[in-house]
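Note: the block below is my_file-v4.cif and it holds mmCIF, C-alpha atoms, pLDDT in the B column; chains and numbers go by the auth columns.
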```cif
data_start
#
loop_
_atom_site.group_PDB
_atom_site.id
_atom_site.type_symbol
_atom_site.label_atom_id
_atom_site.label_comp_id
_atom_site.label_asym_id
_atom_site.label_seq_id
_atom_site.Cartn_x
_atom_site.Cartn_y
_atom_site.Cartn_z
_atom_site.B_iso_or_equiv
_atom_site.auth_seq_id
_atom_site.auth_asym_id
ATOM 1 C CA MET A 1 -12.607 46.085 -24.290 65.00 1 A
ATOM 2 C CA ASN A 2 -9.065 44.785 -24.709 74.00 2 A
ATOM 3 C CA GLU A 3 -7.570 41.348 -25.381 84.00 3 A
ATOM 4 C CA ASN A 4 -6.954 40.758 -21.662 89.00 4 A
ATOM 5 C CA CYS A 5 -10.662 40.825 -20.839 93.00 5 A
ATOM 6 C CA PHE A 6 -12.527 37.656 -19.941 94.00 6 A
ATOM 7 C CA ILE A 7 -16.259 37.146 -20.487 93.00 7 A
ATOM 8 C CA PHE A 8 -18.213 34.564 -18.525 94.00 8 A
ATOM 9 C CA TYR A 9 -21.888 33.747 -18.947 95.00 9 A
ATOM 10 C CA SER A 10 -23.768 32.778 -15.812 95.00 10 A
ATOM 11 C CA ILE A 11 -27.153 31.117 -16.137 95.00 11 A
ATOM 12 C CA SER A 12 -28.176 31.382 -12.470 95.00 12 A
ATOM 13 C CA PRO A 13 -27.472 33.271 -9.253 95.00 13 A
ATOM 14 C CA THR A 14 -25.801 30.104 -7.946 95.00 14 A
ATOM 15 C CA GLU A 15 -23.407 30.104 -10.891 95.00 15 A
ATOM 16 C CA THR A 16 -22.648 33.799 -10.321 95.00 16 A
ATOM 17 C CA GLU A 17 -21.882 32.996 -6.695 95.00 17 A
ATOM 18 C CA VAL A 18 -19.571 30.125 -7.722 95.00 18 A
ATOM 19 C CA PHE A 19 -17.776 32.516 -10.077 95.00 19 A
ATOM 20 C CA GLY A 20 -17.257 34.871 -7.115 96.00 20 A
ATOM 21 C CA GLU A 21 -16.067 31.960 -4.971 96.00 21 A
ATOM 22 C CA THR A 22 -13.351 31.268 -7.541 96.00 22 A
ATOM 23 C CA ILE A 23 -12.256 34.900 -7.348 96.00 23 A
ATOM 24 C CA GLY A 24 -12.070 34.705 -3.545 96.00 24 A
ATOM 25 C CA ARG A 25 -10.185 31.414 -3.572 95.00 25 A
ATOM 26 C CA LEU A 26 -7.578 32.840 -5.972 95.00 26 A
ATOM 27 C CA SER A 27 -7.091 36.106 -4.078 95.00 27 A
ATOM 28 C CA GLY A 28 -3.827 36.533 -2.221 94.00 28 A
ATOM 29 C CA GLY A 29 -4.379 39.954 -0.674 94.00 29 A
ATOM 30 C CA GLY A 30 -4.212 43.514 -1.891 93.00 30 A
ATOM 31 C CA GLU A 31 -6.763 43.071 -4.676 95.00 31 A
ATOM 32 C CA LEU A 32 -9.164 45.843 -5.613 93.00 32 A
ATOM 33 C CA LEU A 33 -12.327 44.861 -7.487 96.00 33 A
ATOM 34 C CA LEU A 34 -14.725 47.459 -8.809 95.00 34 A
ATOM 35 C CA LEU A 35 -18.176 46.025 -9.519 95.00 35 A
ATOM 36 C CA GLU A 36 -20.502 47.649 -12.044 95.00 36 A
ATOM 37 C CA GLY A 37 -24.041 46.662 -12.891 93.00 37 A
ATOM 38 C CA THR A 38 -27.622 47.805 -12.596 91.00 38 A
ATOM 39 C CA LEU A 39 -29.721 47.233 -9.485 89.00 39 A
ATOM 40 C CA GLY A 40 -30.392 43.513 -9.220 89.00 40 A
ATOM 41 C CA ALA A 41 -27.601 42.525 -11.602 93.00 41 A
ATOM 42 C CA GLY A 42 -25.926 40.287 -9.014 93.00 42 A
ATOM 43 C CA LYS A 43 -23.148 42.374 -7.485 93.00 43 A
ATOM 44 C CA THR A 44 -23.934 41.307 -3.914 93.00 44 A
ATOM 45 C CA VAL A 45 -24.427 37.697 -5.053 95.00 45 A
ATOM 46 C CA MET A 46 -20.893 37.807 -6.451 96.00 46 A
ATOM 47 C CA VAL A 47 -19.562 39.276 -3.184 96.00 47 A
ATOM 48 C CA LYS A 48 -21.222 36.410 -1.277 96.00 48 A
ATOM 49 C CA GLY A 49 -19.259 34.000 -3.470 96.00 49 A
ATOM 50 C CA ILE A 50 -16.010 35.905 -2.947 97.00 50 A
ATOM 51 C CA ALA A 51 -16.609 35.639 0.808 97.00 51 A
ATOM 52 C CA LYS A 52 -17.071 31.863 0.505 97.00 52 A
ATOM 53 C CA GLY A 53 -13.787 31.643 -1.393 96.00 53 A
ATOM 54 C CA LEU A 54 -12.133 33.521 1.474 97.00 54 A
ATOM 55 C CA ASP A 55 -13.599 31.093 4.055 97.00 55 A
ATOM 56 C CA ILE A 56 -15.792 33.791 5.599 97.00 56 A
ATOM 57 C CA LYS A 57 -18.665 32.290 7.583 93.00 57 A
ATOM 58 C CA ASN A 58 -20.653 35.496 8.200 90.00 58 A
ATOM 59 C CA GLU A 59 -23.780 36.297 6.220 89.00 59 A
ATOM 60 C CA ILE A 60 -22.929 38.868 3.563 89.00 60 A
ATOM 61 C CA VAL A 61 -25.397 41.713 3.150 83.00 61 A
ATOM 62 C CA SER A 62 -25.161 44.792 0.998 77.00 62 A
ATOM 63 C CA PRO A 63 -23.697 47.710 2.970 67.00 63 A
ATOM 64 C CA THR A 64 -25.896 50.233 1.121 66.00 64 A
ATOM 65 C CA PHE A 65 -26.718 52.297 4.201 67.00 65 A
ATOM 66 C CA ILE A 66 -23.551 51.544 6.187 73.00 66 A
ATOM 67 C CA ILE A 67 -21.239 51.972 3.160 83.00 67 A
ATOM 68 C CA ILE A 68 -18.419 49.702 4.418 86.00 68 A
ATOM 69 C CA ARG A 69 -18.515 46.260 6.013 91.00 69 A
ATOM 70 C CA SER A 70 -15.405 44.213 6.747 91.00 70 A
ATOM 71 C CA TYR A 71 -15.403 40.443 7.242 95.00 71 A
ATOM 72 C CA LYS A 72 -12.577 38.240 8.524 95.00 72 A
ATOM 73 C CA GLY A 73 -11.671 34.990 6.823 95.00 73 A
ATOM 74 C CA ARG A 74 -8.458 33.775 5.204 95.00 74 A
ATOM 75 C CA LEU A 75 -8.139 37.448 4.227 95.00 75 A
ATOM 76 C CA ILE A 76 -10.205 40.424 5.281 95.00 76 A
ATOM 77 C CA LEU A 77 -12.982 41.261 2.824 96.00 77 A
ATOM 78 C CA ASN A 78 -13.786 44.967 2.690 95.00 78 A
ATOM 79 C CA HIS A 79 -17.209 45.243 1.056 94.00 79 A
ATOM 80 C CA ILE A 80 -18.023 48.809 0.062 91.00 80 A
ATOM 81 C CA ASP A 81 -21.219 50.066 -1.566 89.00 81 A
ATOM 82 C CA LEU A 82 -21.189 53.516 -3.177 87.00 82 A
ATOM 83 C CA TYR A 83 -24.776 53.409 -4.478 84.00 83 A
ATOM 84 C CA ARG A 84 -26.067 56.210 -2.245 75.00 84 A
ATOM 85 C CA ILE A 85 -22.839 58.246 -2.336 71.00 85 A
ATOM 86 C CA ASP A 86 -22.462 61.339 -4.502 66.00 86 A
ATOM 87 C CA SER A 87 -18.963 62.223 -3.323 62.00 87 A
ATOM 88 C CA ILE A 88 -16.308 59.966 -1.795 63.00 88 A
ATOM 89 C CA ASP A 89 -14.546 62.937 -0.197 61.00 89 A
ATOM 90 C CA GLY A 90 -14.055 62.335 3.512 58.00 90 A
ATOM 91 C CA LEU A 91 -14.974 58.633 3.446 66.00 91 A
ATOM 92 C CA GLY A 92 -11.360 57.506 3.932 62.00 92 A
ATOM 93 C CA LEU A 93 -11.546 54.879 1.200 66.00 93 A
ATOM 94 C CA GLU A 94 -7.866 55.291 0.346 68.00 94 A
ATOM 95 C CA GLU A 95 -6.865 53.216 3.388 72.00 95 A
ATOM 96 C CA TYR A 96 -8.749 50.222 1.941 66.00 96 A
ATOM 97 C CA LEU A 97 -7.209 50.436 -1.527 72.00 97 A
ATOM 98 C CA ASP A 98 -3.646 49.383 -0.652 73.00 98 A
ATOM 99 C CA ASP A 99 -4.169 46.907 2.177 77.00 99 A
ATOM 100 C CA GLU A 100 -2.172 43.755 1.373 84.00 100 A
ATOM 101 C CA ASP A 101 -4.018 41.733 4.042 87.00 101 A
ATOM 102 C CA SER A 102 -7.417 42.212 2.447 93.00 102 A
ATOM 103 C CA ILE A 103 -9.408 42.196 -0.742 95.00 103 A
ATOM 104 C CA THR A 104 -11.547 45.269 -1.316 94.00 104 A
ATOM 105 C CA VAL A 105 -14.710 44.917 -3.402 95.00 105 A
ATOM 106 C CA ILE A 106 -16.597 48.084 -4.266 92.00 106 A
ATOM 107 C CA GLU A 107 -20.148 47.946 -5.602 92.00 107 A
ATOM 108 C CA TRP A 108 -20.878 50.858 -7.933 87.00 108 A
ATOM 109 C CA GLY A 109 -17.100 51.094 -8.345 85.00 109 A
ATOM 110 C CA GLU A 110 -17.347 53.410 -11.336 83.00 110 A
ATOM 111 C CA LYS A 111 -18.062 56.199 -8.836 80.00 111 A
ATOM 112 C CA LEU A 112 -14.610 55.666 -7.372 78.00 112 A
ATOM 113 C CA LEU A 113 -13.011 56.022 -10.803 78.00 113 A
ATOM 114 C CA ASN A 114 -14.668 59.417 -11.182 70.00 114 A
ATOM 115 C CA HIS A 115 -12.875 60.670 -8.046 70.00 115 A
ATOM 116 C CA LEU A 116 -9.550 58.841 -7.738 68.00 116 A
ATOM 117 C CA PRO A 117 -6.900 58.128 -10.345 66.00 117 A
ATOM 118 C CA LEU A 118 -6.303 54.380 -10.132 78.00 118 A
ATOM 119 C CA ASP A 119 -3.689 52.559 -12.186 85.00 119 A
ATOM 120 C CA GLU A 120 -4.386 48.993 -11.106 90.00 120 A
ATOM 121 C CA TYR A 121 -7.670 47.239 -10.368 92.00 121 A
ATOM 122 C CA LEU A 122 -10.056 44.656 -11.756 95.00 122 A
ATOM 123 C CA LEU A 123 -13.278 46.022 -13.176 95.00 123 A
ATOM 124 C CA VAL A 124 -16.067 43.429 -12.973 96.00 124 A
ATOM 125 C CA ARG A 125 -19.062 44.407 -15.074 96.00 125 A
ATOM 126 C CA ILE A 126 -22.229 42.362 -14.587 97.00 126 A
ATOM 127 C CA ASP A 127 -24.829 42.802 -17.306 96.00 127 A
ATOM 128 C CA VAL A 128 -28.347 41.374 -17.117 95.00 128 A
ATOM 129 C CA VAL A 129 -29.119 39.056 -20.036 95.00 129 A
ATOM 130 C CA ASP A 130 -32.483 37.809 -18.742 94.00 130 A
ATOM 131 C CA GLU A 131 -34.131 37.065 -15.396 91.00 131 A
ATOM 132 C CA ASN A 132 -31.446 34.558 -14.336 92.00 132 A
ATOM 133 C CA SER A 133 -28.598 34.949 -16.841 94.00 133 A
ATOM 134 C CA ARG A 134 -25.729 37.399 -16.583 96.00 134 A
ATOM 135 C CA GLU A 135 -22.762 38.353 -18.718 96.00 135 A
ATOM 136 C CA ILE A 136 -19.778 38.922 -16.433 96.00 136 A
ATOM 137 C CA VAL A 137 -16.894 40.833 -17.958 96.00 137 A
ATOM 138 C CA LEU A 138 -13.524 41.069 -16.223 96.00 138 A
ATOM 139 C CA GLU A 139 -11.491 44.057 -17.410 96.00 139 A
ATOM 140 C CA PRO A 140 -8.051 44.089 -15.785 96.00 140 A
ATOM 141 C CA ARG A 141 -6.123 47.328 -15.406 93.00 141 A
ATOM 142 C CA GLY A 142 -2.439 46.816 -14.763 91.00 142 A
ATOM 143 C CA GLU A 143 -0.114 43.832 -15.178 93.00 143 A
ATOM 144 C CA ARG A 144 -0.946 42.332 -11.787 92.00 144 A
ATOM 145 C CA TYR A 145 -4.642 42.209 -12.696 94.00 145 A
ATOM 146 C CA ILE A 146 -3.988 40.763 -16.137 94.00 146 A
ATOM 147 C CA GLU A 147 -2.342 37.787 -14.411 94.00 147 A
ATOM 148 C CA TYR A 148 -5.102 37.654 -11.775 94.00 148 A
ATOM 149 C CA THR A 149 -7.709 37.521 -14.565 94.00 149 A
ATOM 150 C CA ARG A 150 -5.816 34.669 -16.244 92.00 150 A
ATOM 151 C CA ARG A 151 -5.860 32.712 -12.974 92.00 151 A
ATOM 152 C CA ILE A 152 -9.598 33.320 -12.581 93.00 152 A
ATOM 153 C CA LYS A 153 -10.227 32.194 -16.153 91.00 153 A
ATOM 154 C CA ASP A 154 -8.192 29.026 -15.552 89.00 154 A
ATOM 155 C CA GLY A 155 -9.972 28.445 -12.221 85.00 155 A
ATOM 156 C CA ILE A 156 -13.405 28.740 -13.845 83.00 156 A
ATOM 157 C CA SER A 157 -12.522 26.362 -16.641 70.00 157 A
ATOM 158 C CA GLY A 158 -11.622 23.791 -13.939 57.00 158 A
ATOM 159 C CA TYR A 159 -15.277 23.578 -12.860 51.00 159 A
#
```

What would you get if you wrote out this structure as structure tokens?
Amino acid sequence: MNENCFIFYSISPTETEVFGETIGRLSGGGELLLLEGTLGAGKTVMVKGIAKGLDIKNEIVSPTFIIIRSYKGRLILNHIDLYRIDSIDGLGLEEYLDDEDSITVIEWGEKLLNHLPLDEYLLVRIDVVDENSREIVLEPRGERYIEYTRRIKDGISGY
């Protein structure tokens, strides 16, 4: 972990969702978030919050079997789940990675890193502390995401 990382402790799913809402509210388009965490860690809960921050009214569900779901709000939210995927070859994910009119959030994002060389993204690691509590670690890669992480940190401290 480097000095640009930010650690947040959530004590409930609601707080995790509010954290995600802050991320969505502060997104301007073109962001790529890679979510890591065990089953049940709260990745989809965070995506629900991001959707709220983007003014998306649709119900957010994990796209485990569909792989990609897109939702329209202030920006388009591309919600991708790589849990059941062994290889990303042929999925066409590259088109989602550079779209300036959307934010792309990938659950099980570490699988993407094993297949594509990415210079800039925000890694969001969600670790289970206990039944309700989570440690959320933001690890920015690239200057743009260092600034994005600073804005998120400032936005959270405003709550």

With a cut-off of 12 Å, could you pull out the residues of stretch 14-48 of chain A touching stretch 52-55 of chain A and give me the nearest pair of atoms for each, distance in Å to one decimal, using only C-alpha atoms, ordered by chain and ascending number, as JSON lines?
```
{"residue": "A:Glu17", "atom": "CA", "partner": "A:Lys52", "partner_atom": "CA", "distance": 8.7}
{"residue": "A:Val18", "atom": "CA", "partner": "A:Gly53", "partner_atom": "CA", "distance": 8.7}
{"residue": "A:Phe19", "atom": "CA", "partner": "A:Gly53", "partner_atom": "CA", "distance": 9.6}
{"residue": "A:Gly20", "atom": "CA", "partner": "A:Gly53", "partner_atom": "CA", "distance": 7.4}
{"residue": "A:Glu21", "atom": "CA", "partner": "A:Gly53", "partner_atom": "CA", "distance": 4.3}
{"residue": "A:Thr22", "atom": "CA", "partner": "A:Gly53", "partner_atom": "CA", "distance": 6.2}
{"residue": "A:Ile23", "atom": "CA", "partner": "A:Gly53", "partner_atom": "CA", "distance": 7.0}
{"residue": "A:Gly24", "atom": "CA", "partner": "A:Gly53", "partner_atom": "CA", "distance": 4.1}
{"residue": "A:Arg25", "atom": "CA", "partner": "A:Gly53", "partner_atom": "CA", "distance": 4.2}
{"residue": "A:Leu26", "atom": "CA", "partner": "A:Gly53", "partner_atom": "CA", "distance": 7.8}
{"residue": "A:Ser27", "atom": "CA", "partner": "A:Leu54", "partner_atom": "CA", "distance": 7.9}
{"residue": "A:Gly28", "atom": "CA", "partner": "A:Leu54", "partner_atom": "CA", "distance": 9.6}
{"residue": "A:Gly29", "atom": "CA", "partner": "A:Leu54", "partner_atom": "CA", "distance": 10.3}
{"residue": "A:Val45", "atom": "CA", "partner": "A:Lys52", "partner_atom": "CA", "distance": 10.9}
{"residue": "A:Met46", "atom": "CA", "partner": "A:Lys52", "partner_atom": "CA", "distance": 9.9}
{"residue": "A:Val47", "atom": "CA", "partner": "A:Lys52", "partner_atom": "CA", "distance": 8.6}
{"residue": "A:Lys48", "atom": "CA", "partner": "A:Lys52", "partner_atom": "CA", "distance": 6.4}
```

Selection result for the PyMOL selection byres ((chain A and resi 40) around 12) on this file, as a PyMOL selection string:
chain A and resi 13+36-39+41-46+62+107+126-134

Take atom CA of A:Leu122 and atom CA of A:Arg84 and report the distance between them in Å, one decimal.
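If I compute the distance from atom CA of A:Leu122 to atom CA of A:Arg84, I get 21.9 Å.
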
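Listed by chain and then by number, the residues chosen by the PyMOL selection byres ((chain A and resi 109) around 10) in this file are Leu32, Leu33, Leu34, Leu35, Glu36, Gly37, Ile80, Asp81, Leu82, Tyr83, Val105, Ile106, Glu107, Trp108, Glu110, Lys111, Leu112, Leu113, Asn114, Leu123, Val124 and Arg125 of chain A.
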
One decimal, in Å: what's the spacing between atom CA of A:Cys5 and atom CA of A:Ile85?
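Taking atom CA of A:Cys5 as the start and atom CA of A:Ile85 as the end point, the length is 28.2 Å.
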
Given the file shown, enumerate the residues that the PyMOL selection byres ((chain A and resi 145) around 10) captures and present them as number ranges by chain.
A: 4, 31-33, 120-123, 138-144, 146-151

In Å, how far is it from atom CA of A:Leu75 to atom CA of A:Thr104?
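About the pair atom CA of A:Leu75 and atom CA of A:Thr104: they are 10.2 Å apart.
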